[in-house]
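Trainee: Would you mind keeping the following structure in view while I ask a few things?
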Amino acid sequence: MSKQKIVVAYSGGLDTSVMVHWLKKNYDAEIITFTGNLGQSKELEGLEEKALKSGASKVYIEDLTREFLEEYAFPALKAGALYEGAYPMATSLGRPLLAKALVEIARKENATMVAHGCTGKGNDQVRFEVSVGALAPDIKCIAPLRTWEFKSREEEIDYAIANNIPVAATKSNPYSIDDNIWGTAIECGVLEDPMVEPPEDAFIHTVSPENAPDQPELVTIEFESGIPKSVNGKEMDSISLVQLLNEIGGRNAIGRIDMIENRLVGIKSREVYEAPAATILHFAHKELERITLEKSVMHFKTLISQEYANLVYNGLWFTPLREALQAFVDKTQEKVTGLVKLKLYKGTIKISGRTSPYSLYDPALATYTAEDQFDHSASEGFIKIYGLPYKTINRVMQKVEVESKLSV
């Protein structure tokens, strides 16, 4: 009888490296690893050898960067989805795609189980398991970090050393980093103290504002139906465009985020992120929407943006509601086409200009010069009708008060 197979979502980090060995030993199973390349900066070279040394019998490494940007990150960009108004959700957006690929490999290998390296108090466990359940309800999802004997990263490091498992983490370098082309999440170590400023060695892609250039850098970005298409007049594919903006933003200290975040499991967590390109694109996209979206649509979309971000963050990508909200978002983006000019300077972004063939900004109506075409005389009647309900309410209340005093 052949052994059962477990497909492991493998990053090559401490948790998943230890997990491969631990699962093989405790489940007496054949371990197959899957690594999704979402444009992370660290080298994937040597990862196959590392997985095999950790106990895997087969290794899958797939480049999903383009799909990640065009089918996950850019739809969220069009939605204006920033969790709690700040986090562009690089990790959150990557998880459903990784879960989808994990399921596809499990089907291909006739595996009945998949495993992830998420902790019992994190968000990713929910994102993986809900996504796997939605896509393949018959496949069992295993979460070793919720059940195994290790109580700390230090104990995992000791286990790795004892079992000759190759890991990069050391007790003196305890950062946990999740990195992809849309952004980087940095946790653990001194970052767990919200009163400690993140040390410079925690950051990978950005310089500090103090070390950024002393002169501002101008950047122009063109959008078509809410999707970025060119930078500084040069049309680019999605990967090249985001890579370029990561470079530009990184050297100007753009995209550092330090926030106390409300996790899905009910705790507050100190999170440090780097997302230069995502930060620039969200800013530019919002500025373009300001001149292209009709007032009621723009105001209502703000509510949708928050709900969309919550769904993504909470692991509900593959749900009817997220798909329905996407349809609304896509409709709003039909005229979000144009150019935005930005000024980047020592960690700040300022708008320098914006234009669109669908701009609803009319200089003849907005101007206070002699060219003004706004009908000022129409305002008096408008104000009377606009304020009529509130005058009526107070007129009634005054009448009631007078009658009440007379009856005493």
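Each chain in the structure tokens gets a letter, A, B, ..., in the order shown, and its residues are numbered from 1; ligands are numbered from 1 in order too.
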Residues at most 9 Å from A:Leu360, counting only C-alpha atoms, excluding those fewer than 4 positions away in the same chain, as a list in words?

Mentor: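 Here the answer would be Arg290, Ile291, Thr292, Leu293, Glu294 and Ser356 of chain A.
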
Trainee: Keeping all heavy atoms, export the residues of the selection given above as a PDB file, in the first residue's frame.

Mentor:
```pdb
ATOM      1  N   ARG A 290     -10.527  60.899  -8.070  1.00  0.00           N
ATOM      2  CA  ARG A 290     -11.117  62.153  -7.591  1.00  0.00           C
ATOM      3  C   ARG A 290     -11.643  63.014  -8.738  1.00  0.00           C
ATOM      4  O   ARG A 290     -12.595  63.773  -8.556  1.00  0.00           O
ATOM      5  CB  ARG A 290     -10.084  62.951  -6.785  1.00  0.00           C
ATOM      6  CG  ARG A 290      -9.670  62.323  -5.472  1.00  0.00           C
ATOM      7  CD  ARG A 290      -8.732  63.246  -4.709  1.00  0.00           C
ATOM      8  NE  ARG A 290      -8.095  62.587  -3.593  1.00  0.00           N
ATOM      9  CZ  ARG A 290      -8.651  62.390  -2.391  1.00  0.00           C
ATOM     10  NH1 ARG A 290      -9.882  62.817  -2.164  1.00  0.00           N
ATOM     11  NH2 ARG A 290      -7.988  61.778  -1.443  1.00  0.00           N
ATOM     12  N   ILE A 291     -11.040  62.909  -9.923  1.00  0.00           N
ATOM     13  CA  ILE A 291     -11.508  63.742 -11.032  1.00  0.00           C
ATOM     14  C   ILE A 291     -12.365  62.976 -12.041  1.00  0.00           C
ATOM     15  O   ILE A 291     -12.920  63.578 -12.960  1.00  0.00           O
ATOM     16  CB  ILE A 291     -10.338  64.436 -11.775  1.00  0.00           C
ATOM     17  CG1 ILE A 291      -9.417  63.413 -12.435  1.00  0.00           C
ATOM     18  CG2 ILE A 291      -9.570  65.343 -10.841  1.00  0.00           C
ATOM     19  CD1 ILE A 291      -8.394  64.056 -13.365  1.00  0.00           C
ATOM     20  N   THR A 292     -12.471  61.647 -11.857  1.00  0.00           N
ATOM     21  CA  THR A 292     -13.212  60.868 -12.857  1.00  0.00           C
ATOM     22  C   THR A 292     -14.491  60.226 -12.313  1.00  0.00           C
ATOM     23  O   THR A 292     -15.382  59.889 -13.101  1.00  0.00           O
ATOM     24  CB  THR A 292     -12.327  59.752 -13.449  1.00  0.00           C
ATOM     25  OG1 THR A 292     -11.809  58.944 -12.382  1.00  0.00           O
ATOM     26  CG2 THR A 292     -11.183  60.338 -14.254  1.00  0.00           C
ATOM     27  N   LEU A 293     -14.603  60.048 -11.014  1.00  0.00           N
ATOM     28  CA  LEU A 293     -15.794  59.406 -10.461  1.00  0.00           C
ATOM     29  C   LEU A 293     -16.831  60.447 -10.048  1.00  0.00           C
ATOM     30  O   LEU A 293     -16.505  61.453  -9.412  1.00  0.00           O
ATOM     31  CB  LEU A 293     -15.443  58.551  -9.242  1.00  0.00           C
ATOM     32  CG  LEU A 293     -14.610  57.296  -9.466  1.00  0.00           C
ATOM     33  CD1 LEU A 293     -14.540  56.474  -8.181  1.00  0.00           C
ATOM     34  CD2 LEU A 293     -15.160  56.456 -10.605  1.00  0.00           C
ATOM     35  N   GLU A 294     -18.066  60.196 -10.408  1.00  0.00           N
ATOM     36  CA  GLU A 294     -19.188  61.044  -9.972  1.00  0.00           C
ATOM     37  C   GLU A 294     -19.311  60.960  -8.454  1.00  0.00           C
ATOM     38  O   GLU A 294     -19.004  59.927  -7.843  1.00  0.00           O
ATOM     39  CB  GLU A 294     -20.459  60.562 -10.675  1.00  0.00           C
ATOM     40  CG  GLU A 294     -21.693  61.394 -10.383  1.00  0.00           C
ATOM     41  CD  GLU A 294     -22.451  60.886  -9.168  1.00  0.00           C
ATOM     42  OE1 GLU A 294     -22.405  59.669  -8.891  1.00  0.00           O
ATOM     43  OE2 GLU A 294     -23.079  61.717  -8.481  1.00  0.00           O
ATOM     44  N   SER A 356      -7.337  63.672 -17.250  1.00  0.00           N
ATOM     45  CA  SER A 356      -8.053  62.515 -17.800  1.00  0.00           C
ATOM     46  C   SER A 356      -9.005  62.981 -18.892  1.00  0.00           C
ATOM     47  O   SER A 356      -9.623  64.050 -18.775  1.00  0.00           O
ATOM     48  CB  SER A 356      -8.869  61.811 -16.697  1.00  0.00           C
ATOM     49  OG  SER A 356      -9.760  60.866 -17.257  1.00  0.00           O
TER      50      SER A 356
END
```

Trainee: Could you build a table of the residues in stretch 200-270 of chain A lying no more than 12 Å from stretch 185-192 of chain A, giving for each the nearest pair of atoms and their separation in Å rounded to one decimal place, using only C-alpha atoms, ordered by chain and ascending residue number, as JSON lines?

Mentor:
```
{"residue": "A:Glu200", "atom": "CA", "partner": "A:Leu191", "partner_atom": "CA", "distance": 11.5}
{"residue": "A:Asp201", "atom": "CA", "partner": "A:Ile186", "partner_atom": "CA", "distance": 10.8}
{"residue": "A:Ala202", "atom": "CA", "partner": "A:Ile186", "partner_atom": "CA", "distance": 7.0}
{"residue": "A:Phe203", "atom": "CA", "partner": "A:Ile186", "partner_atom": "CA", "distance": 7.9}
{"residue": "A:Ile204", "atom": "CA", "partner": "A:Ile186", "partner_atom": "CA", "distance": 9.5}
{"residue": "A:His205", "atom": "CA", "partner": "A:Ala185", "partner_atom": "CA", "distance": 11.4}
{"residue": "A:Gly255", "atom": "CA", "partner": "A:Ala185", "partner_atom": "CA", "distance": 11.6}
{"residue": "A:Arg256", "atom": "CA", "partner": "A:Ala185", "partner_atom": "CA", "distance": 10.3}
{"residue": "A:Ile257", "atom": "CA", "partner": "A:Ala185", "partner_atom": "CA", "distance": 9.5}
{"residue": "A:Asp258", "atom": "CA", "partner": "A:Leu191", "partner_atom": "CA", "distance": 9.7}
{"residue": "A:Met259", "atom": "CA", "partner": "A:Leu191", "partner_atom": "CA", "distance": 10.9}
{"residue": "A:Ile260", "atom": "CA", "partner": "A:Glu192", "partner_atom": "CA", "distance": 10.3}
{"residue": "A:Lys268", "atom": "CA", "partner": "A:Glu192", "partner_atom": "CA", "distance": 10.9}
{"residue": "A:Ser269", "atom": "CA", "partner": "A:Glu192", "partner_atom": "CA", "distance": 8.0}
{"residue": "A:Arg270", "atom": "CA", "partner": "A:Glu192", "partner_atom": "CA", "distance": 6.2}
```

Trainee: Contacts of stretch 38-51 of chain A at 6 Å or less, counting only C-alpha atoms, minus same-chain residues fewer than 4 places along, as a PDB file with N, CA and C atoms, in the first residue's frame?

Mentor:
```pdb
ATOM      1  N   ALA A  56      11.548  16.296   1.750  1.00  0.00           N
ATOM      2  CA  ALA A  56      10.564  16.217   0.665  1.00  0.00           C
ATOM      3  C   ALA A  56      11.009  15.203  -0.381  1.00  0.00           C
ATOM      4  N   LEU A  64       4.252  32.592 -10.260  1.00  0.00           N
ATOM      5  CA  LEU A  64       2.865  33.072 -10.291  1.00  0.00           C
ATOM      6  C   LEU A  64       2.804  34.595 -10.246  1.00  0.00           C
ATOM      7  N   THR A  65       3.938  35.250 -10.504  1.00  0.00           N
ATOM      8  CA  THR A  65       4.021  36.700 -10.299  1.00  0.00           C
ATOM      9  C   THR A  65       3.016  37.471 -11.150  1.00  0.00           C
ATOM     10  N   ASP A 179       7.662  38.041   1.898  1.00  0.00           N
ATOM     11  CA  ASP A 179       8.020  39.012   0.874  1.00  0.00           C
ATOM     12  C   ASP A 179       7.433  38.613  -0.471  1.00  0.00           C
ATOM     13  N   ASN A 180       6.852  39.580  -1.175  1.00  0.00           N
ATOM     14  CA  ASN A 180       6.491  39.381  -2.574  1.00  0.00           C
ATOM     15  C   ASN A 180       6.592  40.713  -3.303  1.00  0.00           C
ATOM     16  N   ILE A 181       6.271  40.720  -4.579  1.00  0.00           N
ATOM     17  CA  ILE A 181       6.461  41.926  -5.388  1.00  0.00           C
ATOM     18  C   ILE A 181       5.572  43.091  -4.949  1.00  0.00           C
TER      19      ILE A 181
END
```

Trainee: From the set A:Leu93, A:Tyr87, A:Ala162, A:Ala99, which residue has the shortest atom-to-atom contact distance to A:Val7, counting only C-alpha atoms?

Mentor: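 When distances to A:Val7 are compared using only C-alpha atoms, the smallest one comes from A:Ala99.
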
Trainee: Leaving out stretch 306-320 of chain A and any residue of its chain fewer than 3 positions from it, which residues lie within 6 Å of it when counting only C-alpha atoms, given as a list in words?

Mentor: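 Once the adjacent positions are removed, what remains is Ala81, Leu82, Tyr83, Ser92, Val126, Arg127, Leu303 and Glu323 of chain A.
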
Trainee: Would you output that residue set with N, CA, C and O atoms, as a short mmCIF file (atom, residue, chain, number, x, y, z; two decimals), in the first residue's frame?

Mentor:
```
data_model
loop_
_atom_site.label_atom_id
_atom_site.label_comp_id
_atom_site.auth_asym_id
_atom_site.auth_seq_id
_atom_site.Cartn_x
_atom_site.Cartn_y
_atom_site.Cartn_z
N ALA A 81 -8.52 48.98 -1.97
CA ALA A 81 -8.59 48.17 -0.76
C ALA A 81 -7.31 48.29 0.07
O ALA A 81 -6.28 47.70 -0.26
N LEU A 82 -7.38 49.07 1.14
CA LEU A 82 -6.30 49.20 2.11
C LEU A 82 -6.86 48.81 3.48
O LEU A 82 -7.78 49.47 3.98
N TYR A 83 -6.34 47.75 4.06
CA TYR A 83 -6.89 47.30 5.34
C TYR A 83 -6.63 48.34 6.42
O TYR A 83 -5.52 48.80 6.61
N SER A 92 -1.96 39.17 2.36
CA SER A 92 -3.36 38.74 2.29
C SER A 92 -3.77 38.37 0.88
O SER A 92 -4.50 37.40 0.66
N VAL A 126 -6.36 31.13 8.50
CA VAL A 126 -7.74 31.27 8.04
C VAL A 126 -7.77 31.41 6.52
O VAL A 126 -8.57 30.78 5.84
N ARG A 127 -6.87 32.23 5.99
CA ARG A 127 -6.84 32.46 4.55
C ARG A 127 -6.58 31.16 3.78
O ARG A 127 -7.24 30.88 2.78
N LEU A 303 -17.18 53.01 0.94
CA LEU A 303 -17.72 51.94 1.78
C LEU A 303 -17.36 50.57 1.22
O LEU A 303 -17.00 49.65 1.96
N GLU A 323 -16.78 38.48 -5.14
CA GLU A 323 -16.97 38.51 -6.59
C GLU A 323 -18.01 39.56 -6.99
O GLU A 323 -17.86 40.25 -8.00
#
```

Trainee: Going by DSSP on the backbone, which residues of stretch 153-218 of chain A come out as helix (DSSP H, G or I)? List them as a PyMOL selection string.

Mentor: chain A and resi 153-162+189-192+200-202+209-211

Trainee: Kindly save the residues from that selection, with N, CA, C and O atoms included, as a PDB file, in the first residue's frame.

Mentor:
```pdb
ATOM      1  N   ARG A 153      10.348  29.886  18.417  1.00  0.00           N
ATOM      2  CA  ARG A 153      11.223  29.768  17.254  1.00  0.00           C
ATOM      3  C   ARG A 153      12.588  29.207  17.671  1.00  0.00           C
ATOM      4  O   ARG A 153      13.230  28.485  16.901  1.00  0.00           O
ATOM      5  N   GLU A 154      13.007  29.514  18.904  1.00  0.00           N
ATOM      6  CA  GLU A 154      14.287  28.996  19.381  1.00  0.00           C
ATOM      7  C   GLU A 154      14.262  27.467  19.456  1.00  0.00           C
ATOM      8  O   GLU A 154      15.247  26.799  19.102  1.00  0.00           O
ATOM      9  N   GLU A 155      13.135  26.901  19.891  1.00  0.00           N
ATOM     10  CA  GLU A 155      13.014  25.441  19.952  1.00  0.00           C
ATOM     11  C   GLU A 155      13.021  24.837  18.548  1.00  0.00           C
ATOM     12  O   GLU A 155      13.568  23.748  18.328  1.00  0.00           O
ATOM     13  N   GLU A 156      12.406  25.543  17.598  1.00  0.00           N
ATOM     14  CA  GLU A 156      12.423  25.064  16.219  1.00  0.00           C
ATOM     15  C   GLU A 156      13.850  25.070  15.665  1.00  0.00           C
ATOM     16  O   GLU A 156      14.260  24.145  14.943  1.00  0.00           O
ATOM     17  N   ILE A 157      14.592  26.113  15.971  1.00  0.00           N
ATOM     18  CA  ILE A 157      15.981  26.199  15.516  1.00  0.00           C
ATOM     19  C   ILE A 157      16.795  25.040  16.082  1.00  0.00           C
ATOM     20  O   ILE A 157      17.591  24.401  15.376  1.00  0.00           O
ATOM     21  N   ASP A 158      16.586  24.722  17.370  1.00  0.00           N
ATOM     22  CA  ASP A 158      17.292  23.596  17.984  1.00  0.00           C
ATOM     23  C   ASP A 158      16.938  22.290  17.280  1.00  0.00           C
ATOM     24  O   ASP A 158      17.806  21.444  17.043  1.00  0.00           O
ATOM     25  N   TYR A 159      15.651  22.116  16.943  1.00  0.00           N
ATOM     26  CA  TYR A 159      15.202  20.906  16.241  1.00  0.00           C
ATOM     27  C   TYR A 159      15.845  20.824  14.866  1.00  0.00           C
ATOM     28  O   TYR A 159      16.279  19.745  14.424  1.00  0.00           O
ATOM     29  N   ALA A 160      15.906  21.955  14.181  1.00  0.00           N
ATOM     30  CA  ALA A 160      16.509  21.983  12.847  1.00  0.00           C
ATOM     31  C   ALA A 160      17.982  21.605  12.909  1.00  0.00           C
ATOM     32  O   ALA A 160      18.470  20.811  12.089  1.00  0.00           O
ATOM     33  N   ILE A 161      18.690  22.137  13.885  1.00  0.00           N
ATOM     34  CA  ILE A 161      20.111  21.822  14.030  1.00  0.00           C
ATOM     35  C   ILE A 161      20.300  20.339  14.333  1.00  0.00           C
ATOM     36  O   ILE A 161      21.161  19.665  13.744  1.00  0.00           O
ATOM     37  N   ALA A 162      19.475  19.792  15.240  1.00  0.00           N
ATOM     38  CA  ALA A 162      19.591  18.389  15.643  1.00  0.00           C
ATOM     39  C   ALA A 162      19.297  17.428  14.494  1.00  0.00           C
ATOM     40  O   ALA A 162      19.821  16.314  14.457  1.00  0.00           O
ATOM     41  N   GLY A 189      10.942  39.421  16.919  1.00  0.00           N
ATOM     42  CA  GLY A 189      12.067  40.134  17.506  1.00  0.00           C
ATOM     43  C   GLY A 189      11.640  41.391  18.236  1.00  0.00           C
ATOM     44  O   GLY A 189      10.576  41.437  18.872  1.00  0.00           O
ATOM     45  N   VAL A 190      12.451  42.432  18.126  1.00  0.00           N
ATOM     46  CA  VAL A 190      12.174  43.682  18.839  1.00  0.00           C
ATOM     47  C   VAL A 190      10.913  44.366  18.316  1.00  0.00           C
ATOM     48  O   VAL A 190      10.367  45.261  18.987  1.00  0.00           O
ATOM     49  N   LEU A 191      10.431  43.959  17.144  1.00  0.00           N
ATOM     50  CA  LEU A 191       9.241  44.584  16.567  1.00  0.00           C
ATOM     51  C   LEU A 191       7.988  44.276  17.377  1.00  0.00           C
ATOM     52  O   LEU A 191       6.957  44.928  17.190  1.00  0.00           O
ATOM     53  N   GLU A 192       8.055  43.295  18.266  1.00  0.00           N
ATOM     54  CA  GLU A 192       6.890  42.964  19.074  1.00  0.00           C
ATOM     55  C   GLU A 192       6.640  44.010  20.162  1.00  0.00           C
ATOM     56  O   GLU A 192       5.581  44.011  20.790  1.00  0.00           O
ATOM     57  N   GLU A 200      16.873  49.678  11.373  1.00  0.00           N
ATOM     58  CA  GLU A 200      17.107  49.754   9.931  1.00  0.00           C
ATOM     59  C   GLU A 200      17.364  48.381   9.312  1.00  0.00           C
ATOM     60  O   GLU A 200      17.063  48.158   8.144  1.00  0.00           O
ATOM     61  N   ASP A 201      17.895  47.439  10.098  1.00  0.00           N
ATOM     62  CA  ASP A 201      18.187  46.123   9.534  1.00  0.00           C
ATOM     63  C   ASP A 201      16.928  45.294   9.298  1.00  0.00           C
ATOM     64  O   ASP A 201      16.990  44.216   8.710  1.00  0.00           O
ATOM     65  N   ALA A 202      15.780  45.815   9.738  1.00  0.00           N
ATOM     66  CA  ALA A 202      14.520  45.104   9.495  1.00  0.00           C
ATOM     67  C   ALA A 202      14.005  45.352   8.080  1.00  0.00           C
ATOM     68  O   ALA A 202      13.205  44.574   7.560  1.00  0.00           O
ATOM     69  N   PRO A 209      14.115  57.784   5.507  1.00  0.00           N
ATOM     70  CA  PRO A 209      13.925  59.153   5.000  1.00  0.00           C
ATOM     71  C   PRO A 209      15.185  60.004   5.137  1.00  0.00           C
ATOM     72  O   PRO A 209      15.479  60.826   4.271  1.00  0.00           O
ATOM     73  N   GLU A 210      15.943  59.770   6.214  1.00  0.00           N
ATOM     74  CA  GLU A 210      17.165  60.549   6.431  1.00  0.00           C
ATOM     75  C   GLU A 210      18.205  60.290   5.337  1.00  0.00           C
ATOM     76  O   GLU A 210      19.008  61.171   5.005  1.00  0.00           O
ATOM     77  N   ASN A 211      18.192  59.066   4.798  1.00  0.00           N
ATOM     78  CA  ASN A 211      19.189  58.707   3.782  1.00  0.00           C
ATOM     79  C   ASN A 211      18.660  58.810   2.356  1.00  0.00           C
ATOM     80  O   ASN A 211      19.378  58.490   1.395  1.00  0.00           O
TER      81      ASN A 211
END
```

Trainee: Can you pull out every residue within 9 Å of A:Leu344, counting only C-alpha atoms, but drop anything in the same chain fewer than 4 positions away, and send it as JSON, numbers by chain?

Mentor: {"A": [215, 216, 217, 218, 219, 248, 249, 252, 253, 254, 348, 349, 350]}

Trainee: Between A:Ile239, A:Ile105, A:Ala364, A:Ile177, single out the one closest to A:Phe68, counting only C-alpha atoms.

Mentor: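 Using only C-alpha atoms, the shortest distance to A:Phe68 belongs to A:Ile239.
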
Trainee: Atom CA of A:Val336 and atom CA of A:Thr355 are how many Å apart?

Mentor: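 Result for atom CA of A:Val336 versus atom CA of A:Thr355: 10.4 Å, one decimal.
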
Trainee: Counting only C-alpha atoms, which residue out of A:Ala73, A:Ala9, A:Val130, A:Val400 sits closest to A:Ala115?

Mentor: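 Selected residue with least distance to A:Ala115: A:Ala9.
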
Trainee: So what do you get for atom CA of A:Ala143 versus atom CA of A:Tyr10, distance-wise?

Mentor: 12.7 Å
